[in-house]
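Source file: start38.cif. Holds: mmCIF, C-alpha atoms.
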data_start
#
loop_
_atom_site.label_atom_id
_atom_site.label_comp_id
_atom_site.auth_asym_id
_atom_site.auth_seq_id
_atom_site.Cartn_x
_atom_site.Cartn_y
_atom_site.Cartn_z
CA MET A 1 81.29 -9.59 39.85
CA ALA A 2 78.70 -7.90 37.68
CA THR A 3 76.38 -5.37 39.22
CA PRO A 4 72.86 -5.35 37.82
CA ASP A 5 72.40 -1.66 37.03
CA PHE A 6 75.94 -0.94 35.97
CA ASP A 7 75.57 -1.03 32.20
CA ARG A 8 72.32 0.83 32.17
CA VAL A 9 73.53 3.68 34.36
CA PHE A 10 76.88 4.15 32.66
CA GLY A 11 75.38 3.64 29.22
CA ALA A 12 72.98 6.46 30.01
CA LEU A 13 75.76 8.73 31.25
CA ALA A 14 78.11 8.05 28.37
CA ASP A 15 76.49 10.69 26.16
CA HIS A 16 77.18 14.38 26.69
CA THR A 17 73.65 15.53 25.82
CA ARG A 18 72.27 13.21 28.45
CA ARG A 19 74.78 14.40 31.02
CA ASP A 20 73.78 17.95 30.20
CA ILE A 21 70.13 17.05 30.69
CA VAL A 22 71.02 15.52 34.06
CA ARG A 23 72.70 18.78 35.07
CA ARG A 24 69.85 21.02 33.89
CA ALA A 25 67.24 18.85 35.51
CA ILE A 26 68.72 19.20 39.00
CA ASP A 27 66.37 22.13 39.61
CA GLY A 28 63.43 20.23 38.17
CA GLN A 29 62.05 23.34 36.48
CA GLU A 30 61.74 22.27 32.88
CA GLY A 31 59.64 19.81 30.97
CA VAL A 32 60.84 17.86 27.94
CA ALA A 33 59.72 20.66 25.57
CA GLU A 34 61.75 23.31 27.43
CA LEU A 35 64.76 21.01 27.65
CA ALA A 36 64.52 20.38 23.92
CA GLY A 37 64.93 24.12 23.33
CA HIS A 38 68.53 23.93 24.59
CA TYR A 39 69.73 21.45 21.98
CA PRO A 40 70.06 21.51 18.21
CA MET A 41 67.95 18.40 17.84
CA SER A 42 64.33 17.40 17.54
CA PHE A 43 61.87 17.16 20.40
CA ALA A 44 61.63 13.43 19.68
CA ALA A 45 65.42 13.01 20.00
CA VAL A 46 65.46 14.80 23.36
CA GLN A 47 62.47 12.79 24.49
CA LYS A 48 64.41 9.65 23.67
CA HIS A 49 67.40 10.82 25.73
CA VAL A 50 65.11 11.56 28.66
CA ALA A 51 63.56 8.11 28.36
CA ILE A 52 67.01 6.46 28.51
CA LEU A 53 67.85 8.49 31.62
CA GLU A 54 64.53 7.58 33.14
CA ARG A 55 65.07 3.86 32.58
CA ALA A 56 68.47 4.14 34.22
CA GLY A 57 66.83 5.79 37.24
CA LEU A 58 68.79 9.00 36.76
CA VAL A 59 65.81 11.30 36.19
CA THR A 60 62.12 11.14 37.00
CA LYS A 61 59.17 13.01 35.59
CA GLN A 62 57.13 14.86 38.16
CA ARG A 63 53.83 16.63 37.88
CA ILE A 64 53.73 20.21 39.14
CA GLY A 65 50.21 21.52 38.69
CA ARG A 66 49.40 21.00 35.05
CA ARG A 67 53.03 20.70 34.00
CA LYS A 68 55.30 17.70 33.93
CA VAL A 69 58.91 18.45 34.74
CA VAL A 70 62.05 16.36 34.49
CA ARG A 71 64.00 16.11 37.70
CA THR A 72 67.39 14.57 38.34
CA ASN A 73 67.48 11.72 40.78
CA LEU A 74 70.54 12.68 42.80
CA GLN A 75 70.45 9.41 44.69
CA GLY A 76 70.78 7.62 41.37
CA LEU A 77 73.84 9.69 40.52
CA HIS A 78 75.50 9.00 43.82
CA ALA A 79 74.75 5.32 43.40
CA ALA A 80 76.39 5.28 39.96
CA ARG A 81 79.53 6.87 41.31
CA ARG A 82 79.67 4.47 44.20
CA LEU A 83 79.24 1.44 41.96
CA LEU A 84 82.38 2.18 40.01
CA ASP A 85 84.42 3.00 43.07
CA ARG A 86 83.20 -0.07 44.84
CA TYR A 87 84.19 -2.26 41.95
CA GLU A 88 87.69 -0.83 41.97
CA ASP A 89 87.92 -1.19 45.76
CA LEU A 90 86.74 -4.79 45.57
CA TRP A 91 89.66 -5.66 43.31
CA ARG A 92 92.18 -3.62 45.28
CA ASP A 93 91.22 -5.57 48.38
CA ARG A 94 91.59 -8.84 46.51
CA ILE A 95 95.06 -7.87 45.30
CA ASP A 96 96.04 -7.04 48.89
CA ARG A 97 94.88 -10.45 50.06
CA MET A 98 96.71 -12.15 47.19
CA THR A 99 99.91 -10.32 48.12
CA ASP A 100 99.55 -11.22 51.79
CA PHE A 101 98.87 -14.83 50.95
CA ILE A 102 101.89 -15.10 48.66
CA THR A 103 104.08 -13.55 51.35
CA ASP A 104 102.72 -15.84 54.08
CA THR A 105 103.17 -19.03 52.09
CA ARG A 106 106.68 -18.03 51.06
CA GLU A 107 107.68 -17.64 54.69
CA THR A 108 106.19 -20.94 55.82
CA ASN A 109 107.00 -23.14 52.82
CA THR A 110 110.58 -22.27 51.99
CA MET B 1 101.94 -0.55 46.24
CA THR B 2 101.05 -3.61 44.22
CA VAL B 3 98.25 -2.19 42.08
CA THR B 4 100.15 -0.44 39.32
CA ALA B 5 97.33 0.82 37.11
CA VAL B 6 93.57 1.03 36.99
CA ASN B 7 91.84 1.77 33.75
CA LYS B 8 88.15 2.31 33.50
CA ASP B 9 88.07 1.84 29.76
CA PRO B 10 85.79 4.26 27.97
CA ALA B 11 85.25 2.12 24.91
CA ALA B 12 83.20 -0.71 26.29
CA LEU B 13 82.40 -0.46 29.98
CA THR B 14 85.47 -2.40 30.92
CA MET B 15 87.75 -2.00 33.86
CA THR B 16 91.35 -3.14 33.69
CA LEU B 17 93.45 -3.40 36.77
CA ASP B 18 97.17 -4.21 36.74
CA ALA B 19 99.02 -5.49 39.75
CA GLU B 20 102.58 -6.66 40.34
CA PHE B 21 103.68 -9.43 42.63
CA ASP B 22 107.05 -10.42 43.93
CA ALA B 23 106.56 -13.98 42.71
CA SER B 24 106.74 -16.14 39.58
CA PRO B 25 103.87 -16.43 37.07
CA GLU B 26 103.43 -20.05 38.23
CA ARG B 27 102.95 -18.90 41.82
CA VAL B 28 100.37 -16.28 40.79
CA TRP B 29 98.59 -18.83 38.60
CA GLN B 30 98.18 -21.09 41.63
CA LEU B 31 96.06 -18.38 43.26
CA TRP B 32 93.49 -19.11 40.56
CA ALA B 33 94.12 -22.77 39.81
CA ASP B 34 93.94 -24.08 43.39
CA PRO B 35 90.43 -23.57 44.79
CA ARG B 36 91.70 -23.56 48.37
CA GLN B 37 94.07 -20.69 47.51
CA LEU B 38 91.35 -18.92 45.56
CA GLU B 39 89.16 -19.01 48.65
CA ARG B 40 91.84 -17.15 50.57
CA TRP B 41 91.42 -13.98 48.56
CA TRP B 42 88.25 -14.01 46.40
CA GLY B 43 85.98 -12.89 49.23
CA PRO B 44 86.74 -10.59 52.15
CA PRO B 45 87.12 -12.19 55.61
CA THR B 46 83.56 -11.09 56.42
CA TYR B 47 82.21 -12.71 53.23
CA PRO B 48 84.45 -15.69 52.47
CA ALA B 49 84.04 -17.63 49.25
CA THR B 50 83.70 -21.40 48.98
CA PHE B 51 84.35 -23.02 45.61
CA THR B 52 82.20 -26.13 45.44
CA LYS B 53 83.12 -27.03 41.86
CA HIS B 54 86.40 -25.96 40.34
CA ASP B 55 87.81 -27.10 37.04
CA LEU B 56 89.52 -24.63 34.73
CA THR B 57 89.21 -26.74 31.60
CA PRO B 58 87.54 -24.64 28.88
CA GLY B 59 83.84 -25.47 28.78
CA SER B 60 83.70 -26.30 32.50
CA ARG B 61 81.63 -24.48 35.01
CA VAL B 62 83.11 -23.28 38.29
CA GLU B 63 80.59 -22.86 41.10
CA TYR B 64 81.00 -20.93 44.30
CA HIS B 65 79.09 -19.21 47.03
CA MET B 66 79.91 -16.54 49.51
CA THR B 67 78.89 -16.74 53.15
CA GLY B 68 77.77 -13.52 54.74
CA PRO B 69 77.76 -12.52 58.39
CA GLU B 70 74.04 -13.32 58.59
CA GLY B 71 74.57 -16.77 57.10
CA ASP B 72 73.32 -15.69 53.69
CA GLN B 73 74.94 -17.55 50.81
CA PRO B 74 74.79 -15.72 47.48
CA LYS B 75 75.90 -17.99 44.64
CA GLY B 76 77.95 -17.32 41.54
CA TYR B 77 79.47 -19.24 38.68
CA TRP B 78 82.14 -18.96 36.01
CA ASP B 79 81.91 -20.57 32.59
CA VAL B 80 85.52 -21.16 31.58
CA LEU B 81 86.21 -19.77 28.11
CA GLU B 82 89.96 -20.00 27.85
CA THR B 83 92.78 -21.45 29.92
CA ASP B 84 96.50 -21.24 29.22
CA PRO B 85 98.48 -21.93 32.40
CA PRO B 86 100.19 -19.97 33.82
CA HIS B 87 99.36 -17.03 31.57
CA ARG B 88 95.74 -16.73 30.66
CA LEU B 89 92.30 -17.40 32.05
CA ALA B 90 89.06 -16.08 30.65
CA VAL B 91 85.66 -16.78 32.15
CA ARG B 92 82.11 -15.62 31.83
CA ASP B 93 81.00 -14.78 35.34
CA GLY B 94 77.45 -14.56 36.51
CA PHE B 95 75.11 -14.82 39.45
CA ALA B 96 73.42 -18.10 40.22
CA ASN B 97 70.08 -19.00 41.73
CA GLU B 98 69.62 -20.83 45.00
CA ASP B 99 69.80 -24.16 43.14
CA GLY B 100 73.04 -23.18 41.37
CA THR B 101 71.54 -22.57 37.93
CA PRO B 102 72.54 -19.28 36.23
CA ASN B 103 70.36 -16.37 37.22
CA ASP B 104 69.20 -15.08 33.86
CA ALA B 105 67.82 -11.88 35.36
CA PHE B 106 71.37 -10.54 35.35
CA PRO B 107 73.35 -11.04 32.16
CA PRO B 108 76.82 -12.45 32.88
CA GLY B 109 79.96 -10.38 32.54
CA GLU B 110 83.39 -11.49 31.40
CA MET B 111 86.67 -11.57 33.25
CA ARG B 112 90.05 -11.97 31.56
CA VAL B 113 93.17 -12.62 33.57
CA THR B 114 96.62 -12.20 32.04
CA ILE B 115 99.75 -13.17 33.94
CA GLU B 116 103.24 -12.39 32.66
CA GLU B 117 106.76 -12.16 33.98
CA VAL B 118 108.17 -8.65 34.02
CA GLY B 119 111.73 -9.51 35.10
CA SER B 120 113.72 -9.76 38.34
CA GLY B 121 111.33 -12.33 39.73
CA ARG B 122 108.30 -10.10 39.40
CA THR B 123 105.02 -10.90 37.72
CA LYS B 124 102.34 -8.66 36.36
CA MET B 125 98.71 -9.72 36.52
CA SER B 126 96.02 -7.87 34.58
CA ILE B 127 92.35 -8.33 35.27
CA GLU B 128 90.00 -7.10 32.61
CA SER B 129 86.33 -7.01 33.52
CA ILE B 130 83.82 -6.61 30.77
CA PHE B 131 80.34 -5.71 31.84
CA PRO B 132 77.21 -7.22 30.31
CA SER B 133 76.65 -6.27 26.70
CA THR B 134 73.32 -4.60 26.15
CA GLU B 135 71.71 -1.97 24.02
CA ALA B 136 73.18 0.64 26.33
CA MET B 137 76.65 -0.72 25.84
CA GLU B 138 76.28 -0.63 22.06
CA GLN B 139 75.47 3.03 22.37
CA VAL B 140 78.63 3.60 24.37
CA LEU B 141 80.68 1.82 21.70
CA ALA B 142 79.08 3.85 18.95
CA MET B 143 79.97 7.07 20.72
CA GLY B 144 83.67 6.32 20.71
CA GLN B 145 86.50 6.87 23.09
CA GLU B 146 86.09 10.41 24.28
CA GLU B 147 82.51 10.02 25.46
CA GLY B 148 83.27 7.24 27.81
CA LEU B 149 83.15 6.03 31.29
CA THR B 150 86.06 8.03 32.70
CA GLU B 151 84.49 11.20 31.42
CA ALA B 152 81.12 10.20 32.77
CA VAL B 153 82.64 9.67 36.19
CA GLY B 154 84.30 13.08 36.13
CA GLN B 155 81.00 14.54 35.03
CA ILE B 156 79.12 12.94 37.87
CA ASP B 157 81.65 14.35 40.31
CA ALA B 158 81.27 17.80 38.78
CA ILE B 159 77.49 17.63 38.97
CA LEU B 160 77.59 16.47 42.56
CA ALA B 161 80.08 19.21 43.48
CA GLU B 162 77.83 21.85 41.90
CA GLN B 163 74.94 20.46 43.84
CA ARG B 164 76.77 20.79 47.14
CA VAL B 165 77.60 24.44 46.43
CA ALA B 166 74.04 25.30 45.40
#
Entire entry expressed as structure tokens:
Amino acid sequence: MATPDFDRVFGALADHTRRDIVRRAIDGQEGVAELAGHYPMSFAAVQKHVAILERAGLVTKQRIGRRKVVRTNLQGLHAARRLLDRYEDLWRDRIDRMTDFITDTRETNT
Amino acid sequence: MTVTAVNKDPAALTMTLDAEFDASPERVWQLWADPRQLERWWGPPTYPATFTKHDLTPGSRVEYHMTGPEGDQPKGYWDVLETDPPHRLAVRDGFANEDGTPNDAFPPGEMRVTIEEVGSGRTKMSIESIFPSTEAMEQVLAMGQEEGLTEAVGQIDAILAEQRVA
């Protein structure tokens, strides 16, 4: 069963620069310009990465005084982790029920 | 332990799960081909599934709904892509609206089932789930194997662990 945000969240996290941004932004101290200083790429490229993370709900931009900082949405991260685990659990449960059903019908039908 | 392997494939947001059953491929196939058997395992006891339309001929649409504890009935459908009893079934699976029409707000995923005998009366079933293909997924593909899902999951765990310590 597909989960609506799955591709967006994992697509966003599948790049190591973006994961690094997510880690740095936990403190919510830096704006896009400061973040860009950590990477050997243009401001525009970093801005693009931040926008992808923002669309996936993994970071938000917050205004602190006159500055705008990027802050990691920890709830979003937890949700991403849970999605994957839940999907695996869903199928593990189904396999258990399949196994039980096969066993039950074998006992009653043969 | 019947689940023998779980692979969260980094290349394309797919998850593959292998399971082994002490039964023939024909018996395992019946779990999919007979809607009444399918209903016994597709949903959990608290959210049982009812298949209202079930025909595995390629091109057919299978329709089902779940029934929740509150009486809610979320609907889903499969568009059958490929059928080769008792070995292969491939469907496009999506959410449906109240009236049973596909819910276009959520792009459908794909599910591929492979069933094969592995000897001494045992059968291996593999389920491959492919999540909706979007711009984001193309990016994942372009980034190759090592930057994938498994790594992302480990990374999330690491970030969360750091956060707990801080």
Identify all residues satisfying the PyMOL selection byres ((chain B and resi 117) around 12) in the given file; provide them as JSON, numbers by chain.
{"B": [19, 20, 21, 22, 23, 24, 25, 26, 27, 28, 29, 86, 87, 114, 115, 116, 118, 119, 120, 121, 122, 123, 124, 125, 126]}
Who sits within 12 Å of Pro44 of chain B, all atoms listed in the file, same chain under 6 positions skipped, as a PyMOL selection string:
(chain A and resi 89-98) or (chain B and resi 38+50+66-69)
Which residues, written as a PyMOL selection string, have at least one atom at most 12 Å from Glu39 of chain B, with only C-alpha atoms counted and residues fewer than 6 positions away on the same chain left out?
(chain A and resi 94+97-98+101) or (chain B and resi 30-33+45+47-52+54+64-67)
Restricted to C-alpha atoms, what would the selected residues look like written as a JSON list (two decimals), in the coordinates of the input?
[["chain", "number", "residue", "atom", "x", "y", "z"],
["A", 94, "ARG", "CA", 91.59, -8.84, 46.51],
["A", 97, "ARG", "CA", 94.88, -10.45, 50.06],
["A", 98, "MET", "CA", 96.71, -12.15, 47.19],
["A", 101, "PHE", "CA", 98.87, -14.83, 50.95],
["B", 30, "GLN", "CA", 98.18, -21.09, 41.63],
["B", 31, "LEU", "CA", 96.06, -18.38, 43.26],
["B", 32, "TRP", "CA", 93.49, -19.11, 40.56],
["B", 33, "ALA", "CA", 94.12, -22.77, 39.81],
["B", 45, "PRO", "CA", 87.12, -12.19, 55.61],
["B", 47, "TYR", "CA", 82.21, -12.71, 53.23],
["B", 48, "PRO", "CA", 84.45, -15.69, 52.47],
["B", 49, "ALA", "CA", 84.04, -17.63, 49.25],
["B", 50, "THR", "CA", 83.70, -21.40, 48.98],
["B", 51, "PHE", "CA", 84.35, -23.02, 45.61],
["B", 52, "THR", "CA", 82.20, -26.13, 45.44],
["B", 54, "HIS", "CA", 86.40, -25.96, 40.34],
["B", 64, "TYR", "CA", 81.00, -20.93, 44.30],
["B", 65, "HIS", "CA", 79.09, -19.21, 47.03],
["B", 66, "MET", "CA", 79.91, -16.54, 49.51],
["B", 67, "THR", "CA", 78.89, -16.74, 53.15]]
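In this structure, atom CA of Val80 of chain B sits 8.4 Å away from atom CA of Asp55 of chain B.
Nearest-residue note for Ile127 of chain B: choosing from B:Arg36, B:Asp104, B:Val6, B:Thr16, the minimum distance belongs to B:Thr16, counting only C-alpha atoms.
Across the structure, atom CA of Glu128 of chain B and atom CA of Arg112 of chain B are spaced 5.0 Å apart.
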For the file shown, report as number ranges by chain the outcome of the PyMOL selection byres ((chain B and resi 88-101) around 6) at residue level.
B: 75-84, 87, 102-103, 108-114
Residues picked by the PyMOL selection byres ((chain A and resi 29) around 8) here, as a PyMOL selection string?
chain A and resi 25+27-28+30-31+69-71
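The spacing separating atom CA of Gly11 of chain A from atom CA of Lys48 of chain A amounts to 13.7 Å.
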Enclose all atoms of segment 54-70 of chain B listed in the file in an axis-aligned box, grow every side by 6 Å, and hand back centre and edge lengths in Å to one decimal, as JSON.
{"center_x": 81.8, "center_y": -19.8, "center_z": 43.7, "size_x": 27.5, "size_y": 26.6, "size_z": 41.8}
List the neighbours of Leu35 of chain A out to 12 Å using all atoms listed in the file; skip same-chain residues closer than 5 positions along the sequence, and give me the result as an mmCIF file with C-alpha atoms, in the coordinates of the input.
data_model
loop_
_atom_site.group_PDB
_atom_site.id
_atom_site.type_symbol
_atom_site.label_atom_id
_atom_site.label_comp_id
_atom_site.auth_asym_id
_atom_site.auth_seq_id
_atom_site.Cartn_x
_atom_site.Cartn_y
_atom_site.Cartn_z
ATOM 1 C CA THR A 17 73.650 15.530 25.820
ATOM 2 C CA ARG A 18 72.270 13.210 28.450
ATOM 3 C CA ASP A 20 73.780 17.950 30.200
ATOM 4 C CA ILE A 21 70.130 17.050 30.690
ATOM 5 C CA VAL A 22 71.020 15.520 34.060
ATOM 6 C CA ARG A 23 72.700 18.780 35.070
ATOM 7 C CA ARG A 24 69.850 21.020 33.890
ATOM 8 C CA ALA A 25 67.240 18.850 35.510
ATOM 9 C CA GLY A 28 63.430 20.230 38.170
ATOM 10 C CA GLN A 29 62.050 23.340 36.480
ATOM 11 C CA GLU A 30 61.740 22.270 32.880
ATOM 12 C CA PRO A 40 70.060 21.510 18.210
ATOM 13 C CA MET A 41 67.950 18.400 17.840
ATOM 14 C CA SER A 42 64.330 17.400 17.540
ATOM 15 C CA PHE A 43 61.870 17.160 20.400
ATOM 16 C CA ALA A 44 61.630 13.430 19.680
ATOM 17 C CA ALA A 45 65.420 13.010 20.000
ATOM 18 C CA VAL A 46 65.460 14.800 23.360
ATOM 19 C CA GLN A 47 62.470 12.790 24.490
ATOM 20 C CA HIS A 49 67.400 10.820 25.730
ATOM 21 C CA VAL A 50 65.110 11.560 28.660
ATOM 22 C CA LYS A 68 55.300 17.700 33.930
ATOM 23 C CA VAL A 69 58.910 18.450 34.740
ATOM 24 C CA VAL A 70 62.050 16.360 34.490
ATOM 25 C CA ARG A 71 64.000 16.110 37.700
#
Here is a test: counting only C-alpha atoms, which residue of A:Lys61, A:Arg55, A:Arg19, A:Arg67 is nearest to chain B?
A:Arg19
